[in-house]
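Enquirer: I am attaching a structure below and will ask some questions about it afterwards.
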There are 2 protein chains.
Amino acid sequence: MALTIGELSRQAQVKVPTIRYYEQIGLLSEPVRTEGQQRRYGPEDVRRLNFIRHARELGFEVDAIRQLLDLASAPDRACGEVHDITIAHLDEVKSKIARLTALRDELEAMVGCDHRRISECRIIEVLADHGQCRHAEH
Amino acid sequence: MALTIGELSRQAQVKVPTIRYYEQIGLLSEPVRTEGQQRRYGPEDVRRLNFIRHARELGFEVDAIRQLLDLASAPDRACGEVHDITIAHLDEVKSKIARLTALRDELEAMVGCDHRRISECRIIEVLADHGQCRHAEH
DNA sequence: TCTTGAACCTCTAGTCACTGGAGGATGTAG
DNA sequence: CTACATCCTCCAGTGACTAGAGGTTCAAGA
């Protein structure tokens, strides 16, 4: 039941070059090869790649995923470390949301422009003059 | 009143290498040089760099900033194009907020884990099994 | 005038997570 | 055997910076 890289790609919904990249950076181990040097993967590779893809979709960085994979292969360890990695990531996501929300508010305040000439354009005025922003700090 | 690159950097709150980078990609024009080939900047350069920094802080991409700068230097043109660029950017920001908010919700649902062993860890379980996510699509 | 240290210069490559293309080999179906 | 899809490695690009090497300039102080 050995899979080609294309088959693994389709099963795990991860592109072929990305799979090669993950192997290069050590997230995936080097698979067995055919005589013609083609990669062949097994069910554990599918599972691991699914884990990686899922964690990437949740925005975890590659290094964090590396740690999570290590932890996942040590079932007797306390999961406090997993929790810490996830909480740190959650905090980062919340921080990004707050920043983007403030940014959205700024942009919305700017677009009240009613299509006059640029010499009278509020958007350009605001960009040219930081003092017109409602927030002192971006 | 010619400024060194360090002075410009401090006035506009943009790092020296970043100023050089902006010159390289054409956002800033090449300034006059001293006999010793050091850059010297004037008030218009300060204004332009402030505009750039402000737009970057608002998340506009470099190419969009290039367009905004072009438009800003044509005061008689209609500001519809400025509006379009800003609205497109605003939509992108809203989209990112929505994505991050969904992601935050997923992560929050995952961290109910109460520090047992990894073999029973909900975070690891969810990462290993996509079906446990509350959303079918990330 | 000389010395010293800060700031300047160009060049090159790295960051992060991929992505794309060139040039060639393999595998399978017809 | 042929044709085509898929495989391979290698190299470089993406976007917006960032860092460091090795050398030059400038200005203040002695």
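Naming works like this for the structure tokens: A, B, ... for the chains as they're shown, residue 1 at the start of each chain, ligands 1 onward in shown order.
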With a distance threshold of 9 Å and counting only C-alpha atoms (C1' of nucleotides), extract the residues of chain A near chain D and express them as JSON, numbers by chain.
Expert: {"A": [4, 5, 6, 36, 37, 38, 39]}
Enquirer: Within 9 Å of chain A, which residues of chain C show up? Give each one with its shortest atom-to-atom distance in Å (one decimal) and the two atoms involved, counting only C-alpha atoms (C1' of nucleotides), rows by chain then rising residue number, as JSON lines.
Expert:
```
{"residue": "C:DA17", "atom": "C1'", "partner": "A:Val62", "partner_atom": "CA", "distance": 8.3}
{"residue": "C:DC18", "atom": "C1'", "partner": "A:Thr18", "partner_atom": "CA", "distance": 6.8}
{"residue": "C:DT19", "atom": "C1'", "partner": "A:Pro17", "partner_atom": "CA", "distance": 7.7}
{"residue": "C:DA25", "atom": "C1'", "partner": "A:Gly36", "partner_atom": "CA", "distance": 8.1}
{"residue": "C:DT26", "atom": "C1'", "partner": "A:Gly36", "partner_atom": "CA", "distance": 6.2}
```
Enquirer: What are the residues of chain B that have an atom within 8 Å of an atom of chain A, counting only C-alpha atoms, as a VMD selection string?
Expert: chain B and resid 47 to 48 50 to 51 54 to 55 57 to 59 68 71 to 72 74 to 80 82 to 83 86 to 87 90 93 to 94 96 to 97 100 to 101 103 to 104 106 to 108 111 113 115 to 121 123 to 124 127 to 130 138
Enquirer: May I have the residues from that selection written out with N, CA and C atoms, as a short mmCIF file (atom, residue, chain, number, x, y, z; two decimals), in the first residue's frame?
Expert:
```cif
data_model
loop_
_atom_site.label_atom_id
_atom_site.label_comp_id
_atom_site.auth_asym_id
_atom_site.auth_seq_id
_atom_site.Cartn_x
_atom_site.Cartn_y
_atom_site.Cartn_z
N ARG B 47 8.50 64.04 4.20
CA ARG B 47 7.06 63.90 4.02
C ARG B 47 6.69 62.60 3.32
N ARG B 48 7.43 62.29 2.26
CA ARG B 48 7.14 61.09 1.49
C ARG B 48 7.36 59.83 2.34
N ASN B 50 7.19 59.63 5.60
CA ASN B 50 6.10 59.58 6.58
C ASN B 50 4.84 58.97 5.97
N PHE B 51 4.54 59.38 4.74
CA PHE B 51 3.37 58.83 4.03
C PHE B 51 3.52 57.32 3.90
N HIS B 54 3.22 55.51 7.24
CA HIS B 54 1.85 55.52 7.70
C HIS B 54 1.02 54.48 6.94
N ALA B 55 1.19 54.45 5.65
CA ALA B 55 0.45 53.49 4.84
C ALA B 55 0.86 52.06 5.18
N GLU B 57 1.92 51.05 8.07
CA GLU B 57 1.30 50.75 9.36
C GLU B 57 -0.17 50.39 9.20
N LEU B 58 -0.81 50.98 8.20
CA LEU B 58 -2.20 50.64 7.93
C LEU B 58 -2.31 49.37 7.10
N GLY B 59 -1.19 48.74 6.84
CA GLY B 59 -1.20 47.44 6.19
C GLY B 59 -1.26 47.46 4.69
N LEU B 68 -0.82 54.89 -4.48
CA LEU B 68 -1.32 56.01 -3.69
C LEU B 68 -0.42 57.22 -3.81
N LEU B 71 -0.99 58.84 -7.11
CA LEU B 71 -2.25 59.58 -7.09
C LEU B 71 -2.12 60.85 -6.26
N ALA B 72 -1.40 60.76 -5.18
CA ALA B 72 -1.24 61.92 -4.30
C ALA B 72 -0.49 63.05 -5.00
N ALA B 74 -0.99 63.91 -8.05
CA ALA B 74 -1.83 64.40 -9.15
C ALA B 74 -3.12 64.97 -8.56
N PRO B 75 -3.03 66.15 -7.97
CA PRO B 75 -4.13 66.68 -7.15
C PRO B 75 -5.44 66.92 -7.90
N ASP B 76 -5.38 67.01 -9.24
CA ASP B 76 -6.61 67.30 -9.97
C ASP B 76 -7.37 66.05 -10.35
N ARG B 77 -6.80 64.89 -10.10
CA ARG B 77 -7.52 63.67 -10.50
C ARG B 77 -8.61 63.33 -9.51
N ALA B 78 -9.62 62.62 -10.01
CA ALA B 78 -10.69 62.17 -9.12
C ALA B 78 -10.10 61.19 -8.13
N CYS B 79 -10.63 61.20 -6.91
CA CYS B 79 -10.03 60.33 -5.90
C CYS B 79 -10.73 58.97 -5.83
N GLY B 80 -11.48 58.63 -6.87
CA GLY B 80 -12.11 57.31 -6.91
C GLY B 80 -11.11 56.18 -6.83
N VAL B 82 -8.19 56.21 -5.35
CA VAL B 82 -7.73 56.10 -3.97
C VAL B 82 -8.75 55.34 -3.14
N HIS B 83 -9.99 55.68 -3.39
CA HIS B 83 -11.08 55.02 -2.68
C HIS B 83 -11.09 53.53 -2.94
N THR B 86 -8.31 51.71 -1.18
CA THR B 86 -8.54 51.64 0.25
C THR B 86 -9.65 50.66 0.58
N ILE B 87 -10.71 50.68 -0.22
CA ILE B 87 -11.81 49.73 0.02
C ILE B 87 -11.35 48.30 -0.17
N LEU B 90 -9.49 47.43 2.84
CA LEU B 90 -10.41 47.28 3.97
C LEU B 90 -11.11 45.91 3.91
N VAL B 93 -8.72 43.28 5.07
CA VAL B 93 -8.56 43.31 6.53
C VAL B 93 -9.75 42.64 7.21
N LYS B 94 -10.95 42.95 6.72
CA LYS B 94 -12.16 42.33 7.30
C LYS B 94 -12.12 40.82 7.13
N LYS B 96 -9.45 38.93 6.84
CA LYS B 96 -8.45 38.39 7.77
C LYS B 96 -9.00 38.30 9.18
N ILE B 97 -9.74 39.33 9.59
CA ILE B 97 -10.33 39.32 10.93
C ILE B 97 -11.27 38.13 11.07
N LEU B 100 -9.23 34.94 11.34
CA LEU B 100 -8.55 34.82 12.63
C LEU B 100 -9.55 34.57 13.76
N THR B 101 -10.73 35.16 13.64
CA THR B 101 -11.75 34.96 14.67
C THR B 101 -12.20 33.50 14.70
N LEU B 103 -10.43 31.03 13.71
CA LEU B 103 -9.27 30.30 14.23
C LEU B 103 -9.20 30.41 15.76
N ARG B 104 -9.45 31.59 16.27
CA ARG B 104 -9.44 31.78 17.73
C ARG B 104 -10.49 30.87 18.38
N GLU B 106 -11.65 28.06 17.26
CA GLU B 106 -11.17 26.68 17.22
C GLU B 106 -10.16 26.42 18.33
N LEU B 107 -9.21 27.33 18.46
CA LEU B 107 -8.17 27.14 19.45
C LEU B 107 -8.75 27.15 20.86
N GLU B 108 -9.71 28.04 21.10
CA GLU B 108 -10.32 28.10 22.43
C GLU B 108 -11.06 26.81 22.75
N VAL B 111 -8.46 24.20 23.95
CA VAL B 111 -7.62 24.31 25.14
C VAL B 111 -8.35 23.95 26.43
N CYS B 113 -8.38 21.31 27.61
CA CYS B 113 -7.59 20.18 28.13
C CYS B 113 -7.14 20.43 29.57
N HIS B 115 -4.69 19.08 31.43
CA HIS B 115 -3.33 18.68 31.80
C HIS B 115 -3.18 17.21 32.18
N ARG B 116 -3.83 16.37 31.42
CA ARG B 116 -3.56 14.96 31.64
C ARG B 116 -2.39 14.54 30.77
N ARG B 117 -2.24 13.22 30.61
CA ARG B 117 -1.16 12.75 29.77
C ARG B 117 -1.47 13.01 28.30
N ILE B 118 -0.44 13.08 27.51
CA ILE B 118 -0.61 13.36 26.10
C ILE B 118 -1.49 12.33 25.42
N SER B 119 -1.43 11.09 25.89
CA SER B 119 -2.25 10.06 25.25
C SER B 119 -3.73 10.36 25.40
N GLU B 120 -4.07 11.26 26.30
CA GLU B 120 -5.47 11.65 26.50
C GLU B 120 -5.69 13.12 26.21
N CYS B 121 -4.77 13.73 25.55
CA CYS B 121 -4.79 15.18 25.37
C CYS B 121 -5.69 15.61 24.23
N ILE B 123 -6.00 18.47 22.71
CA ILE B 123 -5.35 19.27 21.66
C ILE B 123 -4.72 18.35 20.62
N ILE B 124 -3.98 17.39 21.12
CA ILE B 124 -3.33 16.46 20.19
C ILE B 124 -4.36 15.65 19.41
N LEU B 127 -5.79 17.82 16.65
CA LEU B 127 -4.84 18.02 15.56
C LEU B 127 -4.70 16.76 14.72
N ALA B 128 -4.79 15.62 15.39
CA ALA B 128 -4.61 14.36 14.67
C ALA B 128 -5.85 13.96 13.88
N ASP B 129 -6.99 14.54 14.26
CA ASP B 129 -8.23 14.12 13.61
C ASP B 129 -9.04 15.35 13.22
N HIS B 130 -8.98 15.68 11.97
CA HIS B 130 -9.63 16.87 11.46
C HIS B 130 -11.14 16.86 11.72
N HIS B 138 -11.55 25.09 7.22
CA HIS B 138 -10.83 26.16 7.93
C HIS B 138 -10.79 27.38 7.03
#
```
Enquirer: Which of region 10-124 of chain A counts as helix (DSSP H, G or I) under DSSP, as JSON, numbers by chain please?
Expert: {"A": [10, 11, 12, 16, 17, 18, 19, 20, 21, 22, 23, 24, 43, 44, 45, 46, 47, 48, 49, 50, 51, 52, 53, 54, 55, 56, 57, 62, 63, 64, 65, 66, 67, 68, 69, 70, 71, 72, 80, 81, 82, 83, 84, 85, 86, 87, 88, 89, 90, 91, 92, 93, 94, 95, 96, 97, 98, 99, 100, 101, 102, 103, 104, 105, 106, 107, 108, 109, 110, 118, 119, 120, 122, 123, 124]}
Enquirer: To one decimal in Å, tell me the separation between CA of Ala2 (chain A) and CA of Ile65 (chain A).
Expert: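 Calculated distance between CA of Ala2 (chain A) and CA of Ile65 (chain A) is 25.1 Å.
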